[in-house]
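The file final39.cif contains mmCIF, C-alpha atoms:
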data_entry
#
loop_
_atom_site.label_atom_id
_atom_site.label_comp_id
_atom_site.auth_asym_id
_atom_site.auth_seq_id
_atom_site.Cartn_x
_atom_site.Cartn_y
_atom_site.Cartn_z
CA MET A 31 58.80 70.25 71.81
CA GLY A 32 55.95 67.93 70.93
CA CYS A 33 52.27 68.30 71.68
CA ASP A 34 49.77 65.50 71.11
CA VAL A 35 46.50 67.43 71.44
CA ALA A 36 44.70 69.70 69.01
CA LYS A 37 43.83 72.30 71.67
CA PHE A 38 45.83 73.12 74.79
CA SER A 39 43.25 73.59 77.57
CA ILE A 40 43.49 74.48 81.25
CA THR A 41 40.57 73.39 83.41
CA ASN A 42 39.65 75.79 86.22
CA GLY A 43 39.17 74.35 89.71
CA VAL A 44 41.49 71.35 89.38
CA VAL A 45 45.19 70.53 89.29
CA ASN A 46 46.40 70.48 85.66
CA THR A 47 49.56 68.56 84.76
CA PHE A 48 51.22 69.00 81.36
CA VAL A 49 54.29 67.09 80.13
CA PHE A 50 56.48 68.56 77.37
CA THR A 51 59.24 66.72 75.53
CA ILE A 52 62.26 68.89 74.69
CA LYS A 53 63.84 67.71 71.44
CA ALA A 54 67.10 68.50 69.70
CA ASP A 55 67.06 71.03 66.85
CA GLY A 56 66.18 69.36 63.55
CA SER A 57 65.61 65.99 65.21
CA THR A 58 62.84 63.88 66.66
CA LEU A 59 65.09 62.68 69.47
CA PRO A 60 64.73 64.11 72.99
CA ILE A 61 67.68 65.90 74.57
CA ASP A 62 69.32 65.10 77.90
CA ILE A 63 67.99 67.72 80.33
CA THR A 64 70.25 66.85 83.28
CA ASN A 65 72.02 70.25 83.23
CA GLY A 66 69.12 72.36 81.99
CA THR A 67 66.74 74.86 83.55
CA PHE A 68 63.20 75.29 82.29
CA THR A 69 60.57 77.87 83.27
CA ALA A 70 57.04 78.64 82.09
CA THR A 71 55.10 81.92 81.93
CA LEU A 72 51.41 82.31 81.06
CA VAL A 73 50.58 85.56 79.24
CA ASN A 74 47.14 87.11 78.60
CA LEU A 75 46.61 87.46 74.83
CA ASP A 76 44.50 90.66 75.11
CA THR A 77 46.66 92.66 77.51
CA GLY A 78 50.09 91.04 77.21
CA ASP A 79 50.26 90.89 81.02
CA LYS A 80 51.86 87.94 82.76
CA VAL A 81 49.46 85.94 84.94
CA VAL A 82 50.08 86.37 88.67
CA GLY A 83 51.24 83.05 90.12
CA LEU A 84 52.19 81.66 86.70
CA THR A 85 55.27 83.71 85.88
CA ASP A 86 58.70 82.06 85.67
CA VAL A 87 57.36 78.82 87.15
CA PRO A 88 60.14 76.21 87.27
CA LEU A 89 59.30 73.03 85.36
CA ASN A 90 59.94 69.66 87.00
CA LYS A 91 62.48 67.50 85.18
CA LEU A 92 61.21 63.94 84.85
CA THR A 93 63.54 60.96 85.06
CA PRO A 94 65.20 59.51 83.16
CA TYR A 95 66.66 62.89 82.18
CA ALA A 96 67.60 61.54 78.74
CA SER A 97 63.85 61.37 77.93
CA GLY A 98 63.77 65.17 77.62
CA LYS A 99 60.48 65.37 79.54
CA VAL A 100 59.58 68.33 81.73
CA GLU A 101 56.36 68.79 83.67
CA LEU A 102 54.27 71.90 84.31
CA VAL A 103 51.74 71.73 87.14
CA ILE A 104 49.07 74.43 87.27
CA ASP A 105 47.04 74.21 90.48
CA ALA A 106 43.86 76.03 89.47
CA THR A 107 42.43 75.45 92.95
CA GLU A 108 44.90 77.76 94.73
CA PRO A 109 43.56 81.05 96.15
CA ASP A 110 46.52 83.14 94.93
CA GLY A 111 45.02 84.44 91.71
CA ILE A 112 45.46 81.38 89.51
CA THR A 113 41.74 80.60 89.87
CA THR A 114 41.01 83.88 88.09
CA LEU A 115 42.00 82.51 84.70
CA VAL A 116 39.63 84.00 82.15
CA SER A 117 37.52 81.79 79.93
CA GLU A 118 36.03 83.37 76.82
CA ARG A 119 33.22 81.85 74.77
CA GLY A 120 31.62 82.53 71.41
CA SER A 121 27.95 83.34 70.91
CA LYS A 122 24.99 80.99 71.21
CA ALA A 123 24.69 80.91 67.42
CA ASP A 124 28.23 79.48 67.31
CA ARG A 125 27.49 76.88 70.05
CA TYR A 126 29.47 78.73 72.73
CA TYR A 127 32.84 77.59 71.40
CA VAL A 128 35.83 78.32 73.64
CA LYS A 129 38.20 81.08 72.50
CA PRO A 130 41.92 81.13 73.35
CA THR A 131 42.77 83.67 76.06
CA TYR A 132 46.43 82.99 76.92
CA LYS A 133 49.76 81.93 75.46
CA LEU A 134 52.47 79.93 77.19
CA ILE A 135 56.15 80.78 76.95
CA LEU A 136 58.71 78.15 77.93
CA GLU A 137 62.22 79.47 78.51
CA CYS A 138 64.84 76.74 78.22
CA VAL A 139 68.56 76.77 78.98
CA GLY A 140 70.54 73.59 78.44
CA THR A 141 73.95 72.33 77.43
CA GLU A 142 72.74 70.49 74.31
CA ASN A 143 70.55 73.14 72.63
CA GLY A 144 71.73 76.25 74.48
CA SER A 145 69.15 78.90 75.31
CA PHE A 146 65.86 78.90 73.43
CA ILE A 147 62.21 79.77 73.81
CA ALA A 148 59.26 77.53 72.93
CA LYS A 149 55.73 78.92 72.68
CA VAL A 150 52.24 77.50 72.83
CA PRO A 151 50.44 80.33 71.02
CA GLU A 152 46.87 79.53 72.06
CA ILE A 153 45.75 78.38 75.50
CA TYR A 154 42.07 77.73 76.18
CA VAL A 155 40.44 77.82 79.64
CA ASP A 156 37.31 75.89 80.45
#
Structure re-expressed in structure tokens:
Amino acid sequence: MGCDVAKFSITNGVVNTFVFTIKADGSTLPIDITNGTFTATLVNLDTGDKVVGLTDVPLNKLTPYASGKVELVIDATEPDGITTLVSERGSKADRYYVKPTYKLILECVGTENGSFIAKVPEIYVD
């Protein structure tokens, strides 16, 4: 899995779209995801609780399937609890920097790499 940004941030009040590239073990080449299933779960770092509305969310497979790209859409405008994502900030002396409040767990099952889990250990909300 590759990530091109230094911080993984979710913006409250808008639709957030994230694209992940699933790569073969020990390689920089993407895998064919035609026969795979991919789900995402957002977990609160403080409590360990799964976020309501963002548990076992199926990821959209993008074509061509050989590109290994899957898409996660988080609609932070929905009234089903997703808008309650917590944003935590540092003190005024530290310029109100954003602190990570969640982690993302991607569960992947495919024919090329088998079953595996990928994690984004720090998710920020602004």
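Closest to Pro88 (chain A) among A:Asp76, A:Lys122, A:Thr114, A:Glu137 is A:Glu137, based on only C-alpha atoms.
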Review point. Could you pull the residues within 7 Å of region 37-41 of chain A, counting all atoms listed in the file, minus those fewer than 3 positions along the same chain, as a PyMOL selection string?
Key: chain A and resi 44+46+153-156
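Take the PyMOL selection byres ((chain A and resi 84) around 8) and apply it to this file: it picks Ala70, Thr71, Leu72, Lys80, Val81, Val82, Gly83, Thr85, Asp86, Val87, Ile104 and Ile112 of chain A.
Using only C-alpha atoms, the shortest contact distance between Leu89 (chain A) and any of A:Ser145, A:Thr77, A:Pro60, A:Thr69 is found at A:Thr69.
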Exercise for review: Just the residues within 8 Å of region 94-102 of chain A, please, counting all atoms listed in the file, with nothing from its chain fewer than 2 positions along; format it as a PyMOL selection string.
Suggested key: chain A and resi 47-53+60-64+68+70+88-92+104
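Coordinates place CA of Ala106 (chain A) at a distance of 14.6 Å from CA of Tyr132 (chain A).
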Practice item. Between CA of Thr131 (chain A) and CA of Pro151 (chain A), measure the distance and give it in Å to one decimal. Key: 9.8 Å
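Against this structure, the PyMOL selection byres ((chain A and resi 139) around 6) ends up with Gly66, Thr67, Cys138, Gly140, Gly144 and Ser145 of chain A.
Relative to CA of Asn143 (chain A), CA of Val73 (chain A) is found at 24.4 Å.
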Padding of 4 Å on every side, edges along x, y and z, all listed atoms of region 68-73 of chain A included: what centre and edge lengths in Å, to one decimal, does that box have, as JSON?
{"center_x": 56.9, "center_y": 80.4, "center_z": 81.3, "size_x": 20.6, "size_y": 18.3, "size_z": 12.0}
Can you put N, CA and C atoms back into region 31-67 of chain A and show it as a PDB file, in the frame of the given file?
ATOM      1  N   MET A  31      59.897  70.453  70.893  1.00  0.00           N
ATOM      2  CA  MET A  31      58.800  70.250  71.810  1.00  0.00           C
ATOM      3  C   MET A  31      57.662  69.613  71.042  1.00  0.00           C
ATOM      4  N   GLY A  32      57.060  68.590  71.589  1.00  0.00           N
ATOM      5  CA  GLY A  32      55.950  67.930  70.930  1.00  0.00           C
ATOM      6  C   GLY A  32      54.666  68.104  71.726  1.00  0.00           C
ATOM      7  N   CYS A  33      53.569  68.165  71.029  1.00  0.00           N
ATOM      8  CA  CYS A  33      52.270  68.300  71.680  1.00  0.00           C
ATOM      9  C   CYS A  33      51.301  67.372  70.959  1.00  0.00           C
ATOM     10  N   ASP A  34      50.615  66.514  71.710  1.00  0.00           N
ATOM     11  CA  ASP A  34      49.770  65.500  71.110  1.00  0.00           C
ATOM     12  C   ASP A  34      48.294  65.866  71.038  1.00  0.00           C
ATOM     13  N   VAL A  35      47.909  67.056  71.451  1.00  0.00           N
ATOM     14  CA  VAL A  35      46.500  67.430  71.440  1.00  0.00           C
ATOM     15  C   VAL A  35      46.267  68.574  70.478  1.00  0.00           C
ATOM     16  N   ALA A  36      45.030  68.648  69.964  1.00  0.00           N
ATOM     17  CA  ALA A  36      44.700  69.700  69.010  1.00  0.00           C
ATOM     18  C   ALA A  36      44.570  71.054  69.700  1.00  0.00           C
ATOM     19  N   LYS A  37      43.988  71.062  70.918  1.00  0.00           N
ATOM     20  CA  LYS A  37      43.830  72.300  71.670  1.00  0.00           C
ATOM     21  C   LYS A  37      44.447  72.133  73.043  1.00  0.00           C
ATOM     22  N   PHE A  38      45.195  73.135  73.480  1.00  0.00           N
ATOM     23  CA  PHE A  38      45.830  73.120  74.790  1.00  0.00           C
ATOM     24  C   PHE A  38      44.866  73.809  75.749  1.00  0.00           C
ATOM     25  N   SER A  39      44.268  73.052  76.675  1.00  0.00           N
ATOM     26  CA  SER A  39      43.250  73.590  77.570  1.00  0.00           C
ATOM     27  C   SER A  39      43.651  73.458  79.026  1.00  0.00           C
ATOM     28  N   ILE A  40      43.337  74.492  79.799  1.00  0.00           N
ATOM     29  CA  ILE A  40      43.490  74.480  81.250  1.00  0.00           C
ATOM     30  C   ILE A  40      42.090  74.421  81.830  1.00  0.00           C
ATOM     31  N   THR A  41      41.874  73.516  82.766  1.00  0.00           N
ATOM     32  CA  THR A  41      40.570  73.390  83.410  1.00  0.00           C
ATOM     33  C   THR A  41      40.615  74.091  84.760  1.00  0.00           C
ATOM     34  N   ASN A  42      39.731  75.068  84.954  1.00  0.00           N
ATOM     35  CA  ASN A  42      39.650  75.790  86.220  1.00  0.00           C
ATOM     36  C   ASN A  42      39.146  74.867  87.328  1.00  0.00           C
ATOM     37  N   GLY A  43      39.658  75.074  88.550  1.00  0.00           N
ATOM     38  CA  GLY A  43      39.170  74.350  89.710  1.00  0.00           C
ATOM     39  C   GLY A  43      39.812  73.009  89.970  1.00  0.00           C
ATOM     40  N   VAL A  44      40.795  72.620  89.167  1.00  0.00           N
ATOM     41  CA  VAL A  44      41.490  71.350  89.380  1.00  0.00           C
ATOM     42  C   VAL A  44      42.990  71.538  89.174  1.00  0.00           C
ATOM     43  N   VAL A  45      43.753  70.520  89.541  1.00  0.00           N
ATOM     44  CA  VAL A  45      45.190  70.530  89.290  1.00  0.00           C
ATOM     45  C   VAL A  45      45.418  70.022  87.868  1.00  0.00           C
ATOM     46  N   ASN A  46      46.095  70.824  87.048  1.00  0.00           N
ATOM     47  CA  ASN A  46      46.400  70.480  85.660  1.00  0.00           C
ATOM     48  C   ASN A  46      47.879  70.121  85.557  1.00  0.00           C
ATOM     49  N   THR A  47      48.182  68.986  84.941  1.00  0.00           N
ATOM     50  CA  THR A  47      49.560  68.560  84.760  1.00  0.00           C
ATOM     51  C   THR A  47      49.821  68.387  83.264  1.00  0.00           C
ATOM     52  N   PHE A  48      50.860  69.068  82.766  1.00  0.00           N
ATOM     53  CA  PHE A  48      51.220  69.000  81.360  1.00  0.00           C
ATOM     54  C   PHE A  48      52.667  68.536  81.255  1.00  0.00           C
ATOM     55  N   VAL A  49      52.931  67.602  80.344  1.00  0.00           N
ATOM     56  CA  VAL A  49      54.290  67.090  80.130  1.00  0.00           C
ATOM     57  C   VAL A  49      54.725  67.489  78.717  1.00  0.00           C
ATOM     58  N   PHE A  50      55.896  68.133  78.639  1.00  0.00           N
ATOM     59  CA  PHE A  50      56.480  68.560  77.370  1.00  0.00           C
ATOM     60  C   PHE A  50      57.751  67.750  77.138  1.00  0.00           C
ATOM     61  N   THR A  51      58.007  67.398  75.885  1.00  0.00           N
ATOM     62  CA  THR A  51      59.240  66.720  75.530  1.00  0.00           C
ATOM     63  C   THR A  51      60.121  67.705  74.773  1.00  0.00           C
ATOM     64  N   ILE A  52      61.303  67.981  75.307  1.00  0.00           N
ATOM     65  CA  ILE A  52      62.260  68.890  74.690  1.00  0.00           C
ATOM     66  C   ILE A  52      63.115  68.066  73.732  1.00  0.00           C
ATOM     67  N   LYS A  53      63.113  68.468  72.457  1.00  0.00           N
ATOM     68  CA  LYS A  53      63.840  67.710  71.440  1.00  0.00           C
ATOM     69  C   LYS A  53      64.967  68.540  70.844  1.00  0.00           C
ATOM     70  N   ALA A  54      65.956  67.851  70.324  1.00  0.00           N
ATOM     71  CA  ALA A  54      67.100  68.500  69.700  1.00  0.00           C
ATOM     72  C   ALA A  54      66.667  69.206  68.411  1.00  0.00           C
ATOM     73  N   ASP A  55      67.350  70.293  68.085  1.00  0.00           N
ATOM     74  CA  ASP A  55      67.060  71.030  66.850  1.00  0.00           C
ATOM     75  C   ASP A  55      67.166  70.102  65.640  1.00  0.00           C
ATOM     76  N   GLY A  56      66.148  70.131  64.787  1.00  0.00           N
ATOM     77  CA  GLY A  56      66.180  69.360  63.550  1.00  0.00           C
ATOM     78  C   GLY A  56      66.118  67.862  63.754  1.00  0.00           C
ATOM     79  N   SER A  57      65.631  67.410  64.909  1.00  0.00           N
ATOM     80  CA  SER A  57      65.610  65.990  65.210  1.00  0.00           C
ATOM     81  C   SER A  57      64.309  65.624  65.923  1.00  0.00           C
ATOM     82  N   THR A  58      63.990  64.355  65.898  1.00  0.00           N
ATOM     83  CA  THR A  58      62.840  63.880  66.660  1.00  0.00           C
ATOM     84  C   THR A  58      63.267  63.246  67.979  1.00  0.00           C
ATOM     85  N   LEU A  59      64.571  63.282  68.257  1.00  0.00           N
ATOM     86  CA  LEU A  59      65.090  62.680  69.470  1.00  0.00           C
ATOM     87  C   LEU A  59      65.089  63.671  70.626  1.00  0.00           C
ATOM     88  N   PRO A  60      64.705  63.223  71.822  1.00  0.00           N
ATOM     89  CA  PRO A  60      64.730  64.110  72.990  1.00  0.00           C
ATOM     90  C   PRO A  60      66.165  64.405  73.415  1.00  0.00           C
ATOM     91  N   ILE A  61      66.348  65.551  74.079  1.00  0.00           N
ATOM     92  CA  ILE A  61      67.680  65.900  74.570  1.00  0.00           C
ATOM     93  C   ILE A  61      67.814  65.497  76.033  1.00  0.00           C
ATOM     94  N   ASP A  62      69.042  65.379  76.493  1.00  0.00           N
ATOM     95  CA  ASP A  62      69.320  65.100  77.900  1.00  0.00           C
ATOM     96  C   ASP A  62      69.175  66.419  78.654  1.00  0.00           C
ATOM     97  N   ILE A  63      68.276  66.474  79.616  1.00  0.00           N
ATOM     98  CA  ILE A  63      67.990  67.720  80.330  1.00  0.00           C
ATOM     99  C   ILE A  63      68.620  67.776  81.709  1.00  0.00           C
ATOM    100  N   THR A  64      69.618  66.913  81.971  1.00  0.00           N
ATOM    101  CA  THR A  64      70.250  66.850  83.280  1.00  0.00           C
ATOM    102  C   THR A  64      70.746  68.223  83.736  1.00  0.00           C
ATOM    103  N   ASN A  65      71.418  68.968  82.862  1.00  0.00           N
ATOM    104  CA  ASN A  65      72.020  70.250  83.230  1.00  0.00           C
ATOM    105  C   ASN A  65      71.213  71.441  82.724  1.00  0.00           C
ATOM    106  N   GLY A  66      69.933  71.272  82.519  1.00  0.00           N
ATOM    107  CA  GLY A  66      69.120  72.360  81.990  1.00  0.00           C
ATOM    108  C   GLY A  66      68.205  72.982  83.031  1.00  0.00           C
ATOM    109  N   THR A  67      67.764  74.203  82.738  1.00  0.00           N
ATOM    110  CA  THR A  67      66.740  74.860  83.550  1.00  0.00           C
ATOM    111  C   THR A  67      65.599  75.257  82.624  1.00  0.00           C
TER     112      THR A  67
END
